[in-house]
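The block underneath contains the structure these notes are about, expressed in structure tokens.
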Amino acid sequence: MADYKMHILVCGGTGCRASQSEQIADNFKKELELQGLQNEIKVVTTGCFGFCEKGPVVKIVPDNTFYTEVSPTDVKDIVSEHLIKGRPLKRLLYYNPKNFYHVASTSNIDFYKKQVRVALRNCGFINPEVIDEYIARDGYSALGTVLSEMTPEEAIQIVKDSGLRGRGGGGFPTGLKWEITRASQNDQKYVVCNADEGDPGAFMDRSILEGDPHSVIEAMAICGYCIGANKGLVYIRAEYPLAISRLKVAIAQAQEYGLLGDDIMGTGFNFDIELRYGAGAFVCGEETALIHSMEGCRGEPTFKPPFPSVSGYLGKPTNVNNVETFANIPVIFNKGAAWFSSIGSEKSKGTKVFALAGKVNNVGLVEVPMGTTLREVIFDIGGGIRNGKRFKAVQTGGPSGGCLTEKHLDTPIDYDNLIAAGSMMGSGGMIVLDEDDCMVSIAKFYLEFTLDESCGKCTPCRIGNKRLYEILDKITRGEGTPDDLTRLRQLANVIKDTSLCGLGQTSPNPVLSTLDNFWNEYEAHVVDQRCPAGQCKSLLHYEIDPLKCTGCTVCFRNCPVGAISGEKKLPHSINQSLCIKCGVCHDKCKFKAISIV
Ligand SMILES: Cc1cc2nc3c(=O)[nH]c(=O)nc-3n(C[C@H](O)[C@H](O)[C@H](O)COP(=O)(O)O)c2cc1C
Ligand code: SF4
Ligand code: SF4
Ligand code: SF4
Ligand code: FES
């Protein structure tokens, strides 16, 4: 980047591409040529910046000016105002809804202030399709150091010392896993990168592969050297086309540079990587199911032990790690285990990437040191709850996790704390809920997902979850009884204790955590036949207040089932037995005479 005075970083992540970021980059190139600036200012298409909600985003460096919601037609103005006249284009700067100020630099934007980007260090900074840009940021130097200066045991010790734990959900110590796989004697071993990422709403692994594929490739090669494998496989869902294409480009470039293939860097170490495509089943992210799927068999989990480290792909020792886990590896070698372990909490080192979504103001990818509190993530980085509503809960860990409440907001996020609070880290999904969300419906939503995704191999998960779902459905239809709550808990615990794999073992978590934390809400459904959040249609009653009703007839004329009657200029009324609870009358009444009770 040395010859250019300025760089225009245009986000080329999936989200921004869907809003014409490629056209924006092209327009910048054309406009720079028109202005004769092409040799002074370079346009770089990068991976995701994390703040996808404000996309397409464009960043100008070195001044770090951050433009949001840019359209291809804005390019001319950015070039003339910012690049030629030297003043930022105010209308496209990030607008802080809290203090009504436009903010120019990323370092002053709340969304970025508390973030520490380790796994995402290159995302939004380099062009992922140009290997030289990765190399310019110390890329492949860790591989060089490991291959030329360390024994596999010494390298494994560094990973162990760093305290890195698997980011795929389980939090298993990575160095220990490598050590176990190394100790498994066999002439053929495999390194597998788990890029299945099936949690609804999660996109951290996709973003890393789209924005910085070389970091994963480099880490896989280091892992191969450490465990004694010369073959790497990336299992990636086929619905990630951009990540697949960037991985392919990166693998080809690494091969061309002699960083993959035979005799890497002249050290005699051979290692190469192939891709395997998943069809998008959540259960195929579970490592044994993933391996069976790669073998061409049904994507069903099998009982552990044996663990893949001992008997995995084609019966050979296989080290399975998550994309984010791998993305941390090169930087651990470049900056040292002590540096890495200085970030985070006592038992969970480094950072964690979260896909922050739901009812927060700032939705996007967030990377924070382990130990950051939920409050900091939701209120400082996430900017608080949308539309001034009240925070109700946060679902962490995706469908395997649980719902945490106000009392957990100051919990420092790490593997152990989240489990102790009744949820889990999972792969990093974080969905914020507000006062309008019904917790019974939320539990039902997640259970419906796991029910759909259950492979059906074992009875507790296949049939137990179906029964669990039916009870929840009954409750949301207003037909639940207090006994159903006892049955829910009993069945949930049986499924948890007796299912074969992690999917079934964790599927009742949303039910159990909402029972624990929102018991009153369940009671309101089954005792008072009421949904406090006003979400369960069957439990709603629309009523007209005769004192407020002017008899304007708007509701009468709009009710799709003729449930409203009344004379002009006289109070109207609703026939509850005909009402289908569509809510049209409530929305149409200008006099706020219709309430939901
Ligand atoms: C139902 C289920 C789905 C999973 N999905 C993923 C996934 O999408 N990505 C992932 O890395 N790990 C997933 N895991 C965890 C993997 O089985 C495995 O623990 C992980 O890939 C190991 O890598 P790590 O040690 O780097 O975390 C899943 C586990 C279960 C039970
Ligand atoms: S717990 Fe569910 S997903 Fe896992 S093996 Fe049993 S049926 Fe399949
Ligand atoms: S729309 Fe409102 S004010 Fe008009 S008749 Fe219906 S309830 Fe009454
Ligand atoms: S909620 Fe719908 S169906 Fe019921 S009275 Fe109002 S408009 Fe009619
Ligand atoms: S895709 Fe552009 S900021 Fe995420």
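Quick note on naming: the chains in the structure tokens go A, B, ... in the order shown, residues restart at 1 in each chain, and ligands are numbered from 1 in order of appearance.
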Shell of 10 Å around Gly388 (chain A), only C-alpha atoms, local chain residues under 4 positions omitted, as a PyMOL selection string: chain A and resi 360-361+384+434
With ligand 4 as the partner and 12 Å as the cut-off, tabulate the residues of chain A that qualify, each row holding the nearest pair of atoms and their distance in Å to one decimal, using only C-alpha atoms and all ligand atoms, sorted by chain and rising number, as a Markdown table.
```
| residue | atom | partner | partner_atom_place_in_ligand_line | distance |
| --- | --- | --- | --- | --- |
| A:Lys537 | CA | ligand 4 | 1 (S) | 9.8 |
| A:Ser538 | CA | ligand 4 | 1 (S) | 11.1 |
| A:Leu540 | CA | ligand 4 | 1 (S) | 9.0 |
| A:His541 | CA | ligand 4 | 1 (S) | 7.9 |
| A:Tyr542 | CA | ligand 4 | 1 (S) | 5.9 |
| A:Glu543 | CA | ligand 4 | 5 (S) | 8.2 |
| A:Ile544 | CA | ligand 4 | 5 (S) | 9.2 |
| A:Thr553 | CA | ligand 4 | 7 (S) | 11.6 |
| A:Val554 | CA | ligand 4 | 7 (S) | 9.9 |
| A:Cys555 | CA | ligand 4 | 7 (S) | 6.4 |
| A:Phe556 | CA | ligand 4 | 7 (S) | 7.7 |
| A:Arg557 | CA | ligand 4 | 7 (S) | 8.9 |
| A:Asn558 | CA | ligand 4 | 7 (S) | 6.3 |
| A:Cys559 | CA | ligand 4 | 7 (S) | 3.7 |
| A:Pro560 | CA | ligand 4 | 8 (Fe) | 5.9 |
| A:Val561 | CA | ligand 4 | 3 (S) | 5.6 |
| A:Gly562 | CA | ligand 4 | 8 (Fe) | 6.4 |
| A:Ala563 | CA | ligand 4 | 5 (S) | 5.0 |
| A:Ile564 | CA | ligand 4 | 5 (S) | 5.5 |
| A:Ser565 | CA | ligand 4 | 5 (S) | 9.2 |
| A:His572 | CA | ligand 4 | 5 (S) | 10.3 |
| A:Ser573 | CA | ligand 4 | 5 (S) | 8.4 |
| A:Ile574 | CA | ligand 4 | 5 (S) | 5.4 |
| A:Asn575 | CA | ligand 4 | 5 (S) | 7.1 |
| A:Gln576 | CA | ligand 4 | 4 (Fe) | 7.3 |
| A:Ser577 | CA | ligand 4 | 4 (Fe) | 9.2 |
| A:Leu578 | CA | ligand 4 | 3 (S) | 6.9 |
| A:Cys579 | CA | ligand 4 | 4 (Fe) | 3.7 |
| A:Ile580 | CA | ligand 4 | 3 (S) | 4.3 |
| A:Lys581 | CA | ligand 4 | 1 (S) | 3.8 |
| A:Cys582 | CA | ligand 4 | 2 (Fe) | 3.9 |
| A:Gly583 | CA | ligand 4 | 1 (S) | 4.0 |
| A:Val584 | CA | ligand 4 | 7 (S) | 4.4 |
| A:Cys585 | CA | ligand 4 | 7 (S) | 4.1 |
| A:His586 | CA | ligand 4 | 6 (Fe) | 6.3 |
| A:Asp587 | CA | ligand 4 | 7 (S) | 8.8 |
| A:Lys588 | CA | ligand 4 | 7 (S) | 8.8 |
| A:Cys589 | CA | ligand 4 | 6 (Fe) | 9.9 |
| A:Ala593 | CA | ligand 4 | 6 (Fe) | 11.6 |
| A:Ile594 | CA | ligand 4 | 6 (Fe) | 8.5 |
| A:Ser595 | CA | ligand 4 | 6 (Fe) | 10.0 |
| A:Ile596 | CA | ligand 4 | 1 (S) | 9.1 |
| A:Val597 | CA | ligand 4 | 1 (S) | 11.7 |
```
Expected answer as a PyMOL selection string: residues within 10 Å of ligand 2, only C-alpha atoms and all ligand atoms: chain A and resi 282-284+286+288-289+299-303+450-465+495-496+498-507
Nearest to Tyr257 (chain A), chosen from A:Arg386, A:Asp132, A:Cys403, A:Val511, with only C-alpha atoms counted in the distances: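 Result for the nearest residue to Tyr257 (chain A): A:Asp132.
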Test item: residues no farther than 6 Å from ligand 1, counting only C-alpha atoms and all ligand atoms, as number ranges by chain: A: 166-172, 174, 194-198, 282-283, 285-287, 320-322, 325, 501-503
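With distances restricted to only C-alpha atoms, A:Gly312 is the closest residue to His292 (chain A) from A:Pro306, A:Gly139, A:Gly312, A:Pro241.
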Spatial neighbours of region 487-489 of chain A, 12 Å, only C-alpha atoms, chain gap at least 6 places, as a ChimeraX atom specification: /A:440,443-444,464-475,480-481,495-496,508-516,519,522
Residues from the last selection, C-alpha atoms, saved as a compact mmCIF listing (two decimals), in the first residue's frame:
```
# COMPACT_ATOMS: atom_id res chain seq x y z
CA VAL A 440 -43.00 -18.93 25.21
CA ALA A 443 -38.78 -21.10 23.03
CA LYS A 444 -41.21 -22.56 20.50
CA GLY A 464 -39.27 -36.07 22.51
CA ASN A 465 -38.72 -32.74 20.79
CA LYS A 466 -41.89 -33.23 18.77
CA ARG A 467 -43.89 -33.74 21.99
CA LEU A 468 -42.14 -30.79 23.61
CA TYR A 469 -43.08 -28.65 20.64
CA GLU A 470 -46.70 -29.79 20.81
CA ILE A 471 -46.97 -28.75 24.46
CA LEU A 472 -45.52 -25.31 23.68
CA ASP A 473 -47.86 -24.94 20.76
CA LYS A 474 -50.81 -25.87 22.97
CA ILE A 475 -49.77 -23.19 25.46
CA GLY A 480 -52.27 -25.06 28.11
CA THR A 481 -52.73 -26.15 31.72
CA ILE A 495 -34.21 -35.24 26.18
CA LYS A 496 -31.18 -33.39 27.51
CA PRO A 508 -34.34 -28.14 25.33
CA ASN A 509 -32.11 -25.30 26.57
CA PRO A 510 -34.34 -22.49 25.25
CA VAL A 511 -37.31 -24.15 26.95
CA LEU A 512 -35.53 -24.73 30.25
CA SER A 513 -33.96 -21.28 30.40
CA THR A 514 -37.26 -19.53 29.65
CA LEU A 515 -39.01 -21.69 32.25
CA ASP A 516 -36.35 -20.67 34.77
CA TRP A 519 -41.94 -18.55 34.83
CA TYR A 522 -45.66 -19.23 31.27
```
Polymer residues at most 10 Å from Gly344 (chain A), only C-alpha atoms, same-chain spacing of 4 or more positions, as a ChimeraX atom specification: /A:163,340,348-352,368-372,412-414
So that I have them on file, write out the residues from the current selection with C-alpha atoms, as a PDB file, in the first residue's frame.
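The result, written out as out_38.pdb:
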```pdb
ATOM      1  CA  GLY A 163      -5.190 -20.762  26.241  1.00  0.00           C
ATOM      2  CA  PHE A 340      -2.948 -13.755  23.383  1.00  0.00           C
ATOM      3  CA  SER A 348     -11.350 -18.055  28.407  1.00  0.00           C
ATOM      4  CA  LYS A 349      -8.529 -16.338  26.573  1.00  0.00           C
ATOM      5  CA  GLY A 350      -8.574 -14.073  23.558  1.00  0.00           C
ATOM      6  CA  THR A 351     -11.644 -12.613  21.927  1.00  0.00           C
ATOM      7  CA  LYS A 352     -14.951 -13.917  20.612  1.00  0.00           C
ATOM      8  CA  VAL A 368     -14.804  -8.387  21.954  1.00  0.00           C
ATOM      9  CA  PRO A 369     -12.349  -9.681  24.544  1.00  0.00           C
ATOM     10  CA  MET A 370     -13.715 -12.617  26.520  1.00  0.00           C
ATOM     11  CA  GLY A 371     -14.938 -11.191  29.813  1.00  0.00           C
ATOM     12  CA  THR A 372     -16.748  -8.245  28.241  1.00  0.00           C
ATOM     13  CA  PRO A 412     -18.682 -11.263  31.885  1.00  0.00           C
ATOM     14  CA  ILE A 413     -19.064 -13.338  28.737  1.00  0.00           C
ATOM     15  CA  ASP A 414     -17.005 -16.502  28.705  1.00  0.00           C
TER      16      ASP A 414
END
```
Selected residue, from A:Cys549, A:Cys438, A:Val43, A:Leu374, that lies nearest to ligand 3 when counting only C-alpha atoms and all ligand atoms: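 Residue with the minimum atom-to-atom distance to ligand 3: A:Cys549.
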Given only C-alpha atoms and all ligand atoms as the counted atoms, nearest of A:Ala136, A:Val323, A:Leu290, A:Cys52 to ligand 5: A:Cys52
Contacts between ligand 5 and chain A, please, where a residue of chain A counts if it comes within 12 Å (with only C-alpha atoms and all ligand atoms); show its shortest atom pair and distance in Å to one decimal, rows by chain and ascending number, as a tab-separated table.
```
residue	atom	partner	partner_atom_place_in_ligand_line	distance
A:Leu9	CA	ligand 5	2 (Fe)	10.6
A:Val10	CA	ligand 5	2 (Fe)	8.2
A:Cys11	CA	ligand 5	2 (Fe)	4.7
A:Gly12	CA	ligand 5	2 (Fe)	6.2
A:Gly13	CA	ligand 5	1 (S)	3.7
A:Thr14	CA	ligand 5	1 (S)	5.0
A:Gly15	CA	ligand 5	1 (S)	3.9
A:Cys16	CA	ligand 5	2 (Fe)	4.2
A:Arg17	CA	ligand 5	1 (S)	6.9
A:Ala18	CA	ligand 5	1 (S)	8.4
A:Ser19	CA	ligand 5	2 (Fe)	9.1
A:Gln20	CA	ligand 5	2 (Fe)	10.5
A:Ser21	CA	ligand 5	2 (Fe)	8.3
A:Glu22	CA	ligand 5	2 (Fe)	11.1
A:Thr45	CA	ligand 5	2 (Fe)	10.3
A:Thr46	CA	ligand 5	2 (Fe)	8.6
A:Gly47	CA	ligand 5	1 (S)	6.9
A:Cys48	CA	ligand 5	4 (Fe)	3.9
A:Phe49	CA	ligand 5	3 (S)	4.1
A:Gly50	CA	ligand 5	4 (Fe)	4.5
A:Phe51	CA	ligand 5	3 (S)	4.5
A:Cys52	CA	ligand 5	4 (Fe)	3.6
A:Glu53	CA	ligand 5	3 (S)	7.1
A:Lys54	CA	ligand 5	3 (S)	7.1
A:Gly55	CA	ligand 5	2 (Fe)	5.3
A:Pro56	CA	ligand 5	2 (Fe)	5.6
A:Val57	CA	ligand 5	2 (Fe)	5.9
A:Val58	CA	ligand 5	2 (Fe)	8.6
A:Lys59	CA	ligand 5	3 (S)	10.5
A:Phe66	CA	ligand 5	3 (S)	11.0
A:Tyr67	CA	ligand 5	3 (S)	10.9
A:Thr68	CA	ligand 5	3 (S)	9.2
A:Glu69	CA	ligand 5	2 (Fe)	9.8
A:Val70	CA	ligand 5	2 (Fe)	10.8
A:Phe111	CA	ligand 5	3 (S)	11.9
A:Leu120	CA	ligand 5	4 (Fe)	11.6
A:Cys123	CA	ligand 5	4 (Fe)	9.4
A:Gly124	CA	ligand 5	3 (S)	7.8
A:Phe125	CA	ligand 5	3 (S)	11.4
A:Phe203	CA	ligand 5	4 (Fe)	9.6
A:Met204	CA	ligand 5	4 (Fe)	10.0
A:Arg206	CA	ligand 5	1 (S)	10.3
A:Ser207	CA	ligand 5	4 (Fe)	7.7
A:Ile208	CA	ligand 5	4 (Fe)	10.7
A:Glu210	CA	ligand 5	1 (S)	9.5
A:Gly211	CA	ligand 5	1 (S)	9.4
A:Leu242	CA	ligand 5	1 (S)	11.3
A:Ala355	CA	ligand 5	4 (Fe)	10.7
A:Leu356	CA	ligand 5	4 (Fe)	12.0
A:Asn362	CA	ligand 5	3 (S)	11.7
A:Val363	CA	ligand 5	4 (Fe)	9.9
A:Gly364	CA	ligand 5	4 (Fe)	7.0
A:Leu365	CA	ligand 5	4 (Fe)	7.4
A:Val366	CA	ligand 5	4 (Fe)	10.6
```
Strand (DSSP E) positions in region 38-242 of chain A, given as JSON, numbers by chain: {"A": [41, 42, 43, 44, 45, 46, 58, 59, 60, 61, 65, 66, 67, 94, 95, 96, 101, 102, 103, 190, 191, 192, 193, 194, 195, 231, 232, 233, 234, 235, 236, 237]}
Using only C-alpha atoms: which of A:Ser427, A:Asn108, A:Gln23, A:Gln35 has the shortest distance to Ala202 (chain A): A:Ser427
Neighbour list for Asp74 (chain A) as a PyMOL selection string, cut-off 10 Å, only C-alpha atoms, skip fewer than 6 positions in-chain: chain A and resi 24+27-28+89+92
Keeping only N, CA and C atoms, write those residues as a PDB file, in the first residue's frame.
```pdb
ATOM      1  N   ILE A  24     -20.182   0.253  -6.626  1.00  0.00           N
ATOM      2  CA  ILE A  24     -19.558   1.399  -5.944  1.00  0.00           C
ATOM      3  C   ILE A  24     -18.048   1.382  -6.189  1.00  0.00           C
ATOM      4  N   ASN A  27     -17.345   2.345  -9.737  1.00  0.00           N
ATOM      5  CA  ASN A  27     -17.538   3.784  -9.948  1.00  0.00           C
ATOM      6  C   ASN A  27     -16.372   4.594  -9.376  1.00  0.00           C
ATOM      7  N   PHE A  28     -15.847   4.161  -8.220  1.00  0.00           N
ATOM      8  CA  PHE A  28     -14.691   4.859  -7.638  1.00  0.00           C
ATOM      9  C   PHE A  28     -13.501   4.793  -8.600  1.00  0.00           C
ATOM     10  N   LEU A  89     -17.828  14.171   3.494  1.00  0.00           N
ATOM     11  CA  LEU A  89     -19.188  14.371   3.002  1.00  0.00           C
ATOM     12  C   LEU A  89     -20.168  14.030   4.121  1.00  0.00           C
ATOM     13  N   LEU A  92     -23.207  11.389   4.423  1.00  0.00           N
ATOM     14  CA  LEU A  92     -22.993   9.932   4.409  1.00  0.00           C
ATOM     15  C   LEU A  92     -22.220   9.431   5.630  1.00  0.00           C
TER      16      LEU A  92
END
```
Counting only C-alpha atoms, the residue of A:Leu37, A:Val192, A:Ile431, A:Leu570 that sits nearest Lys316 (chain A): A:Val192
In region 180-236 of chain A, DSSP alpha helix (DSSP H) residues written as an NGL selection string: :A and (180-183 or 204-211 or 213-227)
Non-local contacts of Glu406 (chain A) (10 Å; only C-alpha atoms; under 6 positions in same chain excluded) as a PyMOL selection string: chain A and resi 374-375+391-394+517
Keeping only all heavy atoms, take the residues you just selected and write them out as a compact mmCIF listing (two decimals), in the first residue's frame.
```
# COMPACT_ATOMS: atom_id res chain seq x y z
N LEU A 374 -22.34 -8.66 28.95
CA LEU A 374 -23.45 -8.62 27.99
C LEU A 374 -23.95 -7.18 27.85
O LEU A 374 -24.30 -6.73 26.77
CB LEU A 374 -24.59 -9.52 28.50
CG LEU A 374 -24.36 -11.02 28.34
CD1 LEU A 374 -25.36 -11.80 29.18
CD2 LEU A 374 -24.46 -11.44 26.88
N ARG A 375 -23.95 -6.43 28.97
CA ARG A 375 -24.43 -5.05 28.93
C ARG A 375 -23.57 -4.22 27.96
O ARG A 375 -24.08 -3.43 27.18
CB ARG A 375 -24.37 -4.43 30.34
CG ARG A 375 -25.05 -3.09 30.44
CD ARG A 375 -24.87 -2.45 31.81
NE ARG A 375 -25.45 -3.21 32.90
CZ ARG A 375 -26.76 -3.21 33.21
NH1 ARG A 375 -27.59 -2.49 32.49
NH2 ARG A 375 -27.21 -3.93 34.22
N PHE A 391 -35.37 -3.59 27.37
CA PHE A 391 -34.66 -4.86 27.17
C PHE A 391 -35.40 -5.96 27.93
O PHE A 391 -35.83 -5.76 29.07
CB PHE A 391 -33.23 -4.73 27.71
CG PHE A 391 -32.51 -6.05 27.85
CD1 PHE A 391 -31.87 -6.63 26.77
CD2 PHE A 391 -32.49 -6.73 29.07
CE1 PHE A 391 -31.22 -7.85 26.90
CE2 PHE A 391 -31.84 -7.94 29.20
CZ PHE A 391 -31.20 -8.50 28.11
N LYS A 392 -35.54 -7.12 27.30
CA LYS A 392 -36.20 -8.22 28.00
C LYS A 392 -35.26 -9.40 28.18
O LYS A 392 -35.16 -9.95 29.28
CB LYS A 392 -37.43 -8.66 27.22
CG LYS A 392 -38.23 -9.73 27.94
CD LYS A 392 -39.55 -9.89 27.25
CE LYS A 392 -40.55 -10.64 28.08
NZ LYS A 392 -41.82 -10.77 27.38
N ALA A 393 -34.58 -9.80 27.13
CA ALA A 393 -33.71 -10.98 27.25
C ALA A 393 -32.72 -11.00 26.10
O ALA A 393 -32.88 -10.27 25.12
CB ALA A 393 -34.57 -12.25 27.21
N VAL A 394 -31.69 -11.82 26.28
CA VAL A 394 -30.75 -12.04 25.17
C VAL A 394 -30.55 -13.54 25.03
O VAL A 394 -30.30 -14.24 26.00
CB VAL A 394 -29.42 -11.26 25.36
CG1 VAL A 394 -28.74 -11.57 26.68
CG2 VAL A 394 -28.47 -11.53 24.20
N ASN A 517 -36.32 -18.46 33.82
CA ASN A 517 -36.24 -17.00 33.92
C ASN A 517 -37.54 -16.27 33.66
O ASN A 517 -37.65 -15.08 33.96
CB ASN A 517 -35.17 -16.48 32.94
CG ASN A 517 -33.78 -16.93 33.35
OD1 ASN A 517 -33.45 -16.93 34.53
ND2 ASN A 517 -32.97 -17.33 32.38
```
